[in-house]
Amino acid sequence: MRHPASRPLFLSAAAGVLAWSALGGAALAQTAPTPSAELDDIIVTATPFGVTQRATTIATDVLDEQKLAIAPATSLGDLVSGMPGVRSTDFAPGASRPVIRGLSGPRVQVLTNGLGQIDASSVSPDHAVATDPGEAHRIEIVRGPATLVYGGSAIGGVVNIIDDRIPETMPEGGIEGRVSTQYSSVDDGRGASGHVTVGTGRFAFNLSGVTRKTDDYDIPSPARSQLLADSDGEPRGEGDKQPNSWSELNAWGVGGSYIADKGFVGLSYKKTESEYGTVAEPEVFINLEQERWDGRGEYRFDAGPFAKVRASYGHADYTHTEFEGPGEPGTVFNSDGWETRGELVQREQGGWNGAIGVQALERNFEAIGEEAFVPTVKIEEQGLYTVQRYDLGRYGFEGGLRYDRRTLTATPLGETAEVEREFDNWSASAAAFLRPQAGLFLGLSLSRTERAPSEVELFANGVHIATAAYETGDVNLDTEKVTTLEGTVHYDRGRFTGDLHVYRSWYDGFIDERATGDDFYFEEEDEFFPIYQFVQTDADFQGFEAEAAYALWQSGDRKLSLEGAADYVKADTDLGPAARIPPWSATARLAWTSRTWDLAGEVRHVGEQDRLAENELPTDAYTMVNLRGAVRPFADKEITVFAEAHNLTDEEAREHTSFLKDIAPLPGRNLRVGVTYAF
């Protein structure tokens with residue numbers, strides 16, 4: 001039932017947050033000194049006013065345009081996997097989502113320019129993200145729940161794919177762009193991407209595209225793990241190729257904007273088409289199509305309490321069709337809807353920065369077919385938030401507040417009465433930081449975040465082939481709440497740089513999927529599937545992420561560095577260890593960088609995982625050796641030729657976060673070569 005007092009409550013919250021931001025911010029801004037400048041990447045995903053990586057208490061990583069130009073042509077989850085605190089669902093080369101601090105699915109937001117994907121990728125691990133990394137000129141990864149700008153759906157973290165399809169500035173010299181192409185041996189993969197922005201007068205236009213095609217990838221062992229073979233008494237079988245792991249993607253888009261002295265306004269269109277094998281079944285493949293329109297604009301004020309106002313809007317139609325064989329369409333998933341966001345960014349005065357914003361979305365989700373395990377659902381959400389920062393140079397404070405209303409309406413499968421669940425959620429964060437000496441930043445943050453259950457957690461009722469289970473939702477689930485304490489250290493002095501994040505999260509009403517002990521006979525597949533039920537329990541997540549680099553030798557633009565990274569997460573619930581939690585990992589790298597050459601050798605070790613949920617098999621440890629290099633042969637042209645040898649020892653490796661880990665190892669030895677040209 002919709003509460004009659006809900007709209008006044010939302011308006012009262014809006015008025016309170018606006019008043020607190022505008023009046024409180026203006027009052028404190030009059031006396032604060034300006035902090036010293038810090039040269040580093042500016043993060044915009046978690047802080048609309050922008051804060052450098054080494055001056056924020058939020059855990060972040062960035063893949064900029066130079067890194068993306070020579071990155072593998074692959075899905076989003078596989079691209080970011082291996083960064084501190086980040087893994088992949090590794091479901092199939094065509095459909096892998098990020099896993100952040102052991103959390104995935106509806107707890108990790110994947111965005112395009114700050115707006116949701118409006119797809120069905122969080123519904124199931126075999127559903128691909130509708131935006132490819134090849135479209136990006138920058139990807140920002142934010143780890144942890146301190147992302148109030150995006151609400152409870154980002155309780156685990158955010159991955160924001162930022163493209164330049166709507167130009168915000170005029171291209172230098174009237175035209176700029178990049179083209180890149182590459183080949184990989186492990187899957188006979190071919191990929192190419194490119195974009196160009198042309199400016200004339202006050203107008204700028206962008207054209208972009210990406211294409212890739214891969215065959216079934218090589219594997220260093222039989223597809224079935226030895227542990228699974230021992231468990232069910234079946235032979236491992238032969239194997240030098242991973243069955244049904246092929247993929248194909250084509251995406252293109254156009255955009256344009258009017259750029260004035262005080263801002264810009266623009267519009268873009270994108271079409272994505274993708275087909276890929278599911279790996280989970282030998283002949284089933286998926287066809288994905290999405291058409292998306294986006295509008296975005298900004299206006300900068302000359303004076304007053306606010307520096308600028310920004311607004312963005314996205315609308316998409318998405319269809320995901322699962323084919324049982326050639327010409328045999330099975331289950332169809334449709335998702336269409338829109339999302340909009342508006343932000344007022346306060347004018348910086350004496351170290352005081354802040355922003356207030358509103359967000360709204362509406363999405364219609366529909367599943368049709370014998371394997372439709374979720375009913376048609378309408379999802380509506382409205383949010384209001386503010387984030388504030390007061391930086392006094394040697395020390396400072398951060399804080400934020402957000403209110404969300406989320407409504408899900410559906411007729412559960414097998415029933416005739418419509419059900420509406422409405423959730424009013426509040427989230428808040430506070431942090432303090434200290435710079436005791438030059439190059440050292442210490443931060444401590446405390447956040448309380450609330451997340452409404454997803455459509456799957458509430459309404460699932462059927463066989464889910466991707467997870468090999470009969471999944472049962474609970475329409476009476478309550479809001480999931482988490483309190484997180486996190487400590488941050490940034491160090492950048494002399495030859496040594498480092499980052500450390502240590503955290504602990506206490507969940508109240510953690511939504512977990514647990515086996516009931518019963519089975520369901522699915523006549524269509526002539527197979528029994530274990531029945532899983534979504535339940536709520538308390539949970540405790542704790543861990544750390546660390547990165548460090550030491551310059552062994554440096555002269556001019558030439559540098560030899562020793563680099564390292566490590567991460568660890570432990571997750572317990574009242575029902576036992578949480579499922580599919582990644583084991584610890586450690587990476588060591590020796591890297592040479594210069595204007596002409598970049599070379600690196602890397603050893604990455606991932607530990608075994610034997611802290612298991614019910615019906616989980618352990619995962620063995622593995623070590624991978626990788627080499628990469630790049631050369632820029634022309635001083636006056638931005639041409640880069642690059643190569644990478646991945647998994648040189650052809651190690652058998654399995655990702656514990658994957659539902660398919662025991663029937664699909666990671667790819668074997670791979671040589672990847674390519675060239676990119678920026679102009």
# chains A, B, ... in the order shown; residues from 1 in each chain; ligands from 1
call {"tool": "closest_atom_pairs", "arguments": {"of": "region 500-596 of chain A", "to": "region 476-496 of chain A", "cutoff": "7 Å", "atoms": "only C-alpha atoms", "output": "JSON lines"}}
result
{"residue": "A:Leu500", "atom": "CA", "partner": "A:Val489", "partner_atom": "CA", "distance": 5.1}
{"residue": "A:His501", "atom": "CA", "partner": "A:Thr488", "partner_atom": "CA", "distance": 4.7}
{"residue": "A:Val502", "atom": "CA", "partner": "A:Gly487", "partner_atom": "CA", "distance": 5.2}
{"residue": "A:Tyr503", "atom": "CA", "partner": "A:Glu486", "partner_atom": "CA", "distance": 4.2}
{"residue": "A:Arg504", "atom": "CA", "partner": "A:Leu485", "partner_atom": "CA", "distance": 5.5}
{"residue": "A:Ser505", "atom": "CA", "partner": "A:Thr484", "partner_atom": "CA", "distance": 4.2}
{"residue": "A:Trp506", "atom": "CA", "partner": "A:Thr483", "partner_atom": "CA", "distance": 5.2}
{"residue": "A:Tyr507", "atom": "CA", "partner": "A:Val482", "partner_atom": "CA", "distance": 4.3}
{"residue": "A:Asp508", "atom": "CA", "partner": "A:Lys481", "partner_atom": "CA", "distance": 5.1}
{"residue": "A:Gly509", "atom": "CA", "partner": "A:Glu480", "partner_atom": "CA", "distance": 5.0}
{"residue": "A:Phe510", "atom": "CA", "partner": "A:Glu480", "partner_atom": "CA", "distance": 5.5}
{"residue": "A:Ile511", "atom": "CA", "partner": "A:Glu480", "partner_atom": "CA", "distance": 6.7}
{"residue": "A:Ala549", "atom": "CA", "partner": "A:Phe496", "partner_atom": "CA", "distance": 5.8}
{"residue": "A:Tyr550", "atom": "CA", "partner": "A:Phe496", "partner_atom": "CA", "distance": 4.6}
{"residue": "A:Ala551", "atom": "CA", "partner": "A:Arg495", "partner_atom": "CA", "distance": 5.0}
call {"tool": "residues_around", "arguments": {"residues": "region 605-621 of chain A", "least_positions_apart": "2", "cutoff": "7 Å", "atoms": "only C-alpha atoms", "output": "PyMOL selection string"}}
result
chain A and resi 576-579+583-587+603+623-624+654+656
call {"tool": "write_last_selection", "arguments": {"atoms": "N, CA, C and O atoms", "output": "PDB file, in the first residue's frame"}}
result
ATOM      1  N   GLY A 576      26.280 -18.959   8.520  1.00  0.00           N
ATOM      2  CA  GLY A 576      27.567 -19.489   8.073  1.00  0.00           C
ATOM      3  C   GLY A 576      28.236 -18.542   7.095  1.00  0.00           C
ATOM      4  O   GLY A 576      27.740 -17.441   6.836  1.00  0.00           O
ATOM      5  N   PRO A 577      29.383 -18.936   6.529  1.00  0.00           N
ATOM      6  CA  PRO A 577      30.083 -18.070   5.577  1.00  0.00           C
ATOM      7  C   PRO A 577      29.186 -17.699   4.394  1.00  0.00           C
ATOM      8  O   PRO A 577      28.359 -18.500   3.939  1.00  0.00           O
ATOM      9  N   ALA A 578      29.328 -16.473   3.891  1.00  0.00           N
ATOM     10  CA  ALA A 578      28.595 -16.052   2.702  1.00  0.00           C
ATOM     11  C   ALA A 578      29.139 -16.792   1.481  1.00  0.00           C
ATOM     12  O   ALA A 578      30.286 -17.246   1.461  1.00  0.00           O
ATOM     13  N   ALA A 579      28.310 -16.909   0.450  1.00  0.00           N
ATOM     14  CA  ALA A 579      28.686 -17.662  -0.753  1.00  0.00           C
ATOM     15  C   ALA A 579      29.520 -16.825  -1.705  1.00  0.00           C
ATOM     16  O   ALA A 579      29.394 -15.610  -1.772  1.00  0.00           O
ATOM     17  N   PRO A 583      38.872 -15.305  -2.471  1.00  0.00           N
ATOM     18  CA  PRO A 583      39.998 -15.489  -1.549  1.00  0.00           C
ATOM     19  C   PRO A 583      40.970 -14.321  -1.648  1.00  0.00           C
ATOM     20  O   PRO A 583      40.844 -13.457  -2.519  1.00  0.00           O
ATOM     21  N   TRP A 584      41.954 -14.302  -0.769  1.00  0.00           N
ATOM     22  CA  TRP A 584      42.955 -13.238  -0.783  1.00  0.00           C
ATOM     23  C   TRP A 584      43.794 -13.315  -2.055  1.00  0.00           C
ATOM     24  O   TRP A 584      43.899 -14.363  -2.699  1.00  0.00           O
ATOM     25  N   SER A 585      44.385 -12.203  -2.394  1.00  0.00           N
ATOM     26  CA  SER A 585      45.274 -12.170  -3.554  1.00  0.00           C
ATOM     27  C   SER A 585      46.426 -11.220  -3.289  1.00  0.00           C
ATOM     28  O   SER A 585      46.321 -10.297  -2.473  1.00  0.00           O
ATOM     29  N   ALA A 586      47.540 -11.442  -3.988  1.00  0.00           N
ATOM     30  CA  ALA A 586      48.707 -10.569  -3.902  1.00  0.00           C
ATOM     31  C   ALA A 586      49.379 -10.519  -5.267  1.00  0.00           C
ATOM     32  O   ALA A 586      49.484 -11.539  -5.957  1.00  0.00           O
ATOM     33  N   THR A 587      49.811  -9.333  -5.656  1.00  0.00           N
ATOM     34  CA  THR A 587      50.428  -9.113  -6.967  1.00  0.00           C
ATOM     35  C   THR A 587      51.730  -8.353  -6.791  1.00  0.00           C
ATOM     36  O   THR A 587      51.792  -7.368  -6.039  1.00  0.00           O
ATOM     37  N   VAL A 603      53.704 -11.086 -11.363  1.00  0.00           N
ATOM     38  CA  VAL A 603      53.328 -12.367 -10.779  1.00  0.00           C
ATOM     39  C   VAL A 603      52.136 -12.120  -9.864  1.00  0.00           C
ATOM     40  O   VAL A 603      52.195 -11.278  -8.958  1.00  0.00           O
ATOM     41  N   THR A 623      48.718 -19.335  -9.391  1.00  0.00           N
ATOM     42  CA  THR A 623      49.683 -18.252  -9.620  1.00  0.00           C
ATOM     43  C   THR A 623      49.804 -18.014 -11.115  1.00  0.00           C
ATOM     44  O   THR A 623      50.002 -18.967 -11.883  1.00  0.00           O
ATOM     45  N   MET A 624      49.692 -16.768 -11.524  1.00  0.00           N
ATOM     46  CA  MET A 624      49.811 -16.413 -12.932  1.00  0.00           C
ATOM     47  C   MET A 624      51.003 -15.495 -13.138  1.00  0.00           C
ATOM     48  O   MET A 624      51.276 -14.603 -12.325  1.00  0.00           O
ATOM     49  N   ARG A 654      40.654 -20.984 -11.431  1.00  0.00           N
ATOM     50  CA  ARG A 654      39.196 -20.882 -11.350  1.00  0.00           C
ATOM     51  C   ARG A 654      38.832 -19.755 -10.393  1.00  0.00           C
ATOM     52  O   ARG A 654      39.426 -19.624  -9.314  1.00  0.00           O
ATOM     53  N   HIS A 656      36.605 -18.090  -7.750  1.00  0.00           N
ATOM     54  CA  HIS A 656      35.637 -18.579  -6.762  1.00  0.00           C
ATOM     55  C   HIS A 656      34.332 -17.795  -6.797  1.00  0.00           C
ATOM     56  O   HIS A 656      33.292 -18.307  -6.368  1.00  0.00           O
TER      57      HIS A 656
END
call {"tool": "residues_around", "arguments": {"residues": "Gly342 (chain A)", "least_positions_apart": "5", "cutoff": "6 Å", "atoms": "only C-alpha atoms", "output": "PyMOL selection string"}}
result
chain A and resi 310-311+357-358
call {"tool": "write_last_selection", "arguments": {"atoms": "N, CA, C and O atoms", "output": "compact mmCIF listing (two decimals), in the first residue's frame"}}
result
# COMPACT_ATOMS: atom_id res chain seq x y z
N ARG A 310 23.83 21.01 -12.99
CA ARG A 310 23.97 19.96 -13.99
C ARG A 310 22.70 19.12 -14.03
O ARG A 310 22.05 18.92 -13.00
N ALA A 311 22.40 18.61 -15.21
CA ALA A 311 21.25 17.72 -15.35
C ALA A 311 21.56 16.67 -16.41
O ALA A 311 22.27 16.93 -17.37
N GLY A 357 21.46 17.18 -4.74
CA GLY A 357 20.93 16.64 -5.98
C GLY A 357 19.67 15.85 -5.78
O GLY A 357 19.30 15.46 -4.66
N VAL A 358 18.99 15.62 -6.89
CA VAL A 358 17.80 14.77 -6.92
C VAL A 358 17.99 13.73 -8.01
O VAL A 358 18.70 13.95 -9.00
call {"tool": "closest_atom_pairs", "arguments": {"of": "region 351-412 of chain A", "to": "region 139-160 of chain A", "cutoff": "7 Å", "atoms": "only C-alpha atoms", "output": "JSON lines"}}
result
{"residue": "A:Tyr385", "atom": "CA", "partner": "A:Val149", "partner_atom": "CA", "distance": 6.5}
{"residue": "A:Gly400", "atom": "CA", "partner": "A:Leu148", "partner_atom": "CA", "distance": 6.7}
{"residue": "A:Leu401", "atom": "CA", "partner": "A:Leu148", "partner_atom": "CA", "distance": 6.9}
{"residue": "A:Arg402", "atom": "CA", "partner": "A:Leu148", "partner_atom": "CA", "distance": 6.2}
call {"tool": "select_by_dssp", "arguments": {"residues": "region 40-70 of chain A", "states": "strand (DSSP E or B)", "output": "JSON, numbers by chain"}}
result
{"A": [42, 43, 51, 52, 59, 60, 61, 62, 63]}
call {"tool": "residues_around", "arguments": {"residues": "Val345 (chain A)", "least_positions_apart": "6", "cutoff": "6 Å", "atoms": "only C-alpha atoms", "output": "list in words"}}
result
Phe306, Ala307, Lys308 and Ala355 of chain A
call {"tool": "closest_residue", "arguments": {"among": "A:Arg394, A:Arg580, A:Arg589, A:Arg405", "to": "Ala432 (chain A)", "atoms": "only C-alpha atoms"}}
result
A:Arg394
call {"tool": "closest_atom_pairs", "arguments": {"of": "region 183-230 of chain A", "to": "region 69-75 of chain A", "cutoff": "8 Å", "atoms": "only C-alpha atoms", "output": "Markdown table"}}
result
| residue | atom | partner | partner_atom | distance |
| --- | --- | --- | --- | --- |
| A:Gly191 | CA | A:Ala73 | CA | 6.1 |
| A:Ala192 | CA | A:Ala73 | CA | 7.9 |
| A:Arg212 | CA | A:Ala73 | CA | 7.1 |
call {"tool": "closest_atom_pairs", "arguments": {"of": "region 116-167 of chain A", "to": "region 270-294 of chain A", "cutoff": "10 Å", "atoms": "only C-alpha atoms", "output": "tab-separated table"}}
result
residue	atom	partner	partner_atom	distance
A:Gln117	CA	A:Arg292	CA	9.3
A:Ile118	CA	A:Arg292	CA	9.0
A:Asp119	CA	A:Gln290	CA	8.1
A:Pro125	CA	A:Thr278	CA	10.0
A:Asp126	CA	A:Thr278	CA	6.6
A:His127	CA	A:Ile286	CA	8.4
A:Ala128	CA	A:Leu288	CA	7.9
A:Val129	CA	A:Leu288	CA	9.6
A:Ala130	CA	A:Gln290	CA	6.9
A:Thr131	CA	A:Thr272	CA	7.7
A:Asp132	CA	A:Thr272	CA	8.8
A:Arg165	CA	A:Lys270	CA	9.0
A:Ile166	CA	A:Asp294	CA	8.5
call {"tool": "closest_residue", "arguments": {"among": "A:Val569, A:Ala664, A:Leu384, A:Ala316", "to": "Glu362 (chain A)", "atoms": "only C-alpha atoms"}}
result
A:Ala316
call {"tool": "closest_residue", "arguments": {"among": "A:Gly209, A:Gly330, A:Gly85, A:Gly50", "to": "Glu547 (chain A)", "atoms": "only C-alpha atoms"}}
result
A:Gly85
call {"tool": "residues_around", "arguments": {"residues": "Asp598 (chain A)", "least_positions_apart": "4", "cutoff": "7 Å", "atoms": "only C-alpha atoms", "output": "VMD selection string"}}
result
chain A and resid 592 to 594 629 to 631
call {"tool": "write_last_selection", "arguments": {"atoms": "all heavy atoms", "output": "short mmCIF file (atom, residue, chain, number, x, y, z; two decimals), in the first residue's frame"}}
result
data_model
loop_
_atom_site.label_atom_id
_atom_site.label_comp_id
_atom_site.auth_asym_id
_atom_site.auth_seq_id
_atom_site.Cartn_x
_atom_site.Cartn_y
_atom_site.Cartn_z
N TRP A 592 58.97 -0.77 -16.07
CA TRP A 592 59.81 0.28 -16.67
C TRP A 592 58.90 1.18 -17.50
O TRP A 592 58.12 0.70 -18.32
CB TRP A 592 60.89 -0.34 -17.54
CG TRP A 592 61.59 0.66 -18.42
CD1 TRP A 592 61.27 1.02 -19.70
CD2 TRP A 592 62.73 1.45 -18.07
NE1 TRP A 592 62.13 1.98 -20.17
CE2 TRP A 592 63.04 2.26 -19.19
CE3 TRP A 592 63.52 1.55 -16.93
CZ2 TRP A 592 64.10 3.15 -19.19
CZ3 TRP A 592 64.58 2.44 -16.92
CH2 TRP A 592 64.87 3.22 -18.05
N THR A 593 58.99 2.49 -17.28
CA THR A 593 58.22 3.44 -18.07
C THR A 593 59.14 4.52 -18.61
O THR A 593 60.10 4.93 -17.95
CB THR A 593 57.10 4.10 -17.23
OG1 THR A 593 57.69 4.75 -16.09
CG2 THR A 593 56.10 3.07 -16.75
N SER A 594 58.84 4.96 -19.83
CA SER A 594 59.58 6.06 -20.46
C SER A 594 58.72 6.63 -21.57
O SER A 594 57.63 6.12 -21.86
CB SER A 594 60.91 5.56 -21.02
OG SER A 594 60.71 4.70 -22.13
N GLY A 629 54.09 -5.04 -22.69
CA GLY A 629 54.97 -3.98 -23.18
C GLY A 629 54.26 -3.11 -24.19
O GLY A 629 53.27 -3.50 -24.81
N ALA A 630 54.77 -1.90 -24.36
CA ALA A 630 54.23 -0.96 -25.34
C ALA A 630 55.36 -0.08 -25.84
O ALA A 630 56.28 0.27 -25.09
CB ALA A 630 53.13 -0.10 -24.71
N VAL A 631 55.30 0.27 -27.11
CA VAL A 631 56.31 1.13 -27.70
C VAL A 631 55.62 2.23 -28.50
O VAL A 631 54.60 1.99 -29.17
CB VAL A 631 57.28 0.33 -28.61
CG1 VAL A 631 56.53 -0.39 -29.73
CG2 VAL A 631 58.37 1.23 -29.18
#
call {"tool": "closest_residue", "arguments": {"among": "A:Ser427, A:Thr200, A:Thr497, A:Asn461", "to": "Leu440 (chain A)", "atoms": "only C-alpha atoms"}}
result
A:Thr497
call {"tool": "atom_distance", "arguments": {"atom1": "CA of Ala360 (chain A)", "atom2": "CA of Arg421 (chain A)"}}
result
17.2 Å
call {"tool": "closest_residue", "arguments": {"among": "A:Thr57, A:Val186, A:Arg341, A:Asp512", "to": "Glu398 (chain A)", "atoms": "only C-alpha atoms"}}
result
A:Thr57
call {"tool": "residues_around", "arguments": {"residues": "Tyr390 (chain A)", "least_positions_apart": "3", "cutoff": "6 Å", "atoms": "only C-alpha atoms", "output": "ChimeraX atom specification"}}
result
/A:351-352,396-397
call {"tool": "write_last_selection", "arguments": {"atoms": "all heavy atoms", "output": "PDB file, in the first residue's frame"}}
result
ATOM      1  N   GLY A 351      37.692  26.379   1.325  1.00  0.00           N
ATOM      2  CA  GLY A 351      37.798  24.970   1.650  1.00  0.00           C
ATOM      3  C   GLY A 351      36.477  24.243   1.764  1.00  0.00           C
ATOM      4  O   GLY A 351      36.462  23.027   1.976  1.00  0.00           O
ATOM      5  N   TRP A 352      35.358  24.968   1.636  1.00  0.00           N
ATOM      6  CA  TRP A 352      34.052  24.324   1.730  1.00  0.00           C
ATOM      7  C   TRP A 352      33.543  23.994   0.329  1.00  0.00           C
ATOM      8  O   TRP A 352      33.406  24.857  -0.526  1.00  0.00           O
ATOM      9  CB  TRP A 352      33.054  25.236   2.435  1.00  0.00           C
ATOM     10  CG  TRP A 352      31.705  24.577   2.608  1.00  0.00           C
ATOM     11  CD1 TRP A 352      30.683  24.559   1.729  1.00  0.00           C
ATOM     12  CD2 TRP A 352      31.283  23.829   3.737  1.00  0.00           C
ATOM     13  NE1 TRP A 352      29.633  23.842   2.228  1.00  0.00           N
ATOM     14  CE2 TRP A 352      29.969  23.378   3.464  1.00  0.00           C
ATOM     15  CE3 TRP A 352      31.885  23.484   4.959  1.00  0.00           C
ATOM     16  CZ2 TRP A 352      29.250  22.594   4.368  1.00  0.00           C
ATOM     17  CZ3 TRP A 352      31.159  22.721   5.854  1.00  0.00           C
ATOM     18  CH2 TRP A 352      29.853  22.284   5.565  1.00  0.00           C
ATOM     19  N   GLY A 396      40.248  18.031   7.948  1.00  0.00           N
ATOM     20  CA  GLY A 396      38.963  18.386   7.364  1.00  0.00           C
ATOM     21  C   GLY A 396      37.910  17.334   7.660  1.00  0.00           C
ATOM     22  O   GLY A 396      38.164  16.324   8.346  1.00  0.00           O
ATOM     23  N   PHE A 397      36.716  17.583   7.126  1.00  0.00           N
ATOM     24  CA  PHE A 397      35.575  16.725   7.406  1.00  0.00           C
ATOM     25  C   PHE A 397      34.757  16.519   6.132  1.00  0.00           C
ATOM     26  O   PHE A 397      34.723  17.380   5.247  1.00  0.00           O
ATOM     27  CB  PHE A 397      34.687  17.348   8.496  1.00  0.00           C
ATOM     28  CG  PHE A 397      35.426  17.703   9.744  1.00  0.00           C
ATOM     29  CD1 PHE A 397      35.930  18.986   9.929  1.00  0.00           C
ATOM     30  CD2 PHE A 397      35.644  16.751  10.735  1.00  0.00           C
ATOM     31  CE1 PHE A 397      36.631  19.322  11.075  1.00  0.00           C
ATOM     32  CE2 PHE A 397      36.341  17.076  11.887  1.00  0.00           C
ATOM     33  CZ  PHE A 397      36.841  18.360  12.060  1.00  0.00           C
TER      34      PHE A 397
END
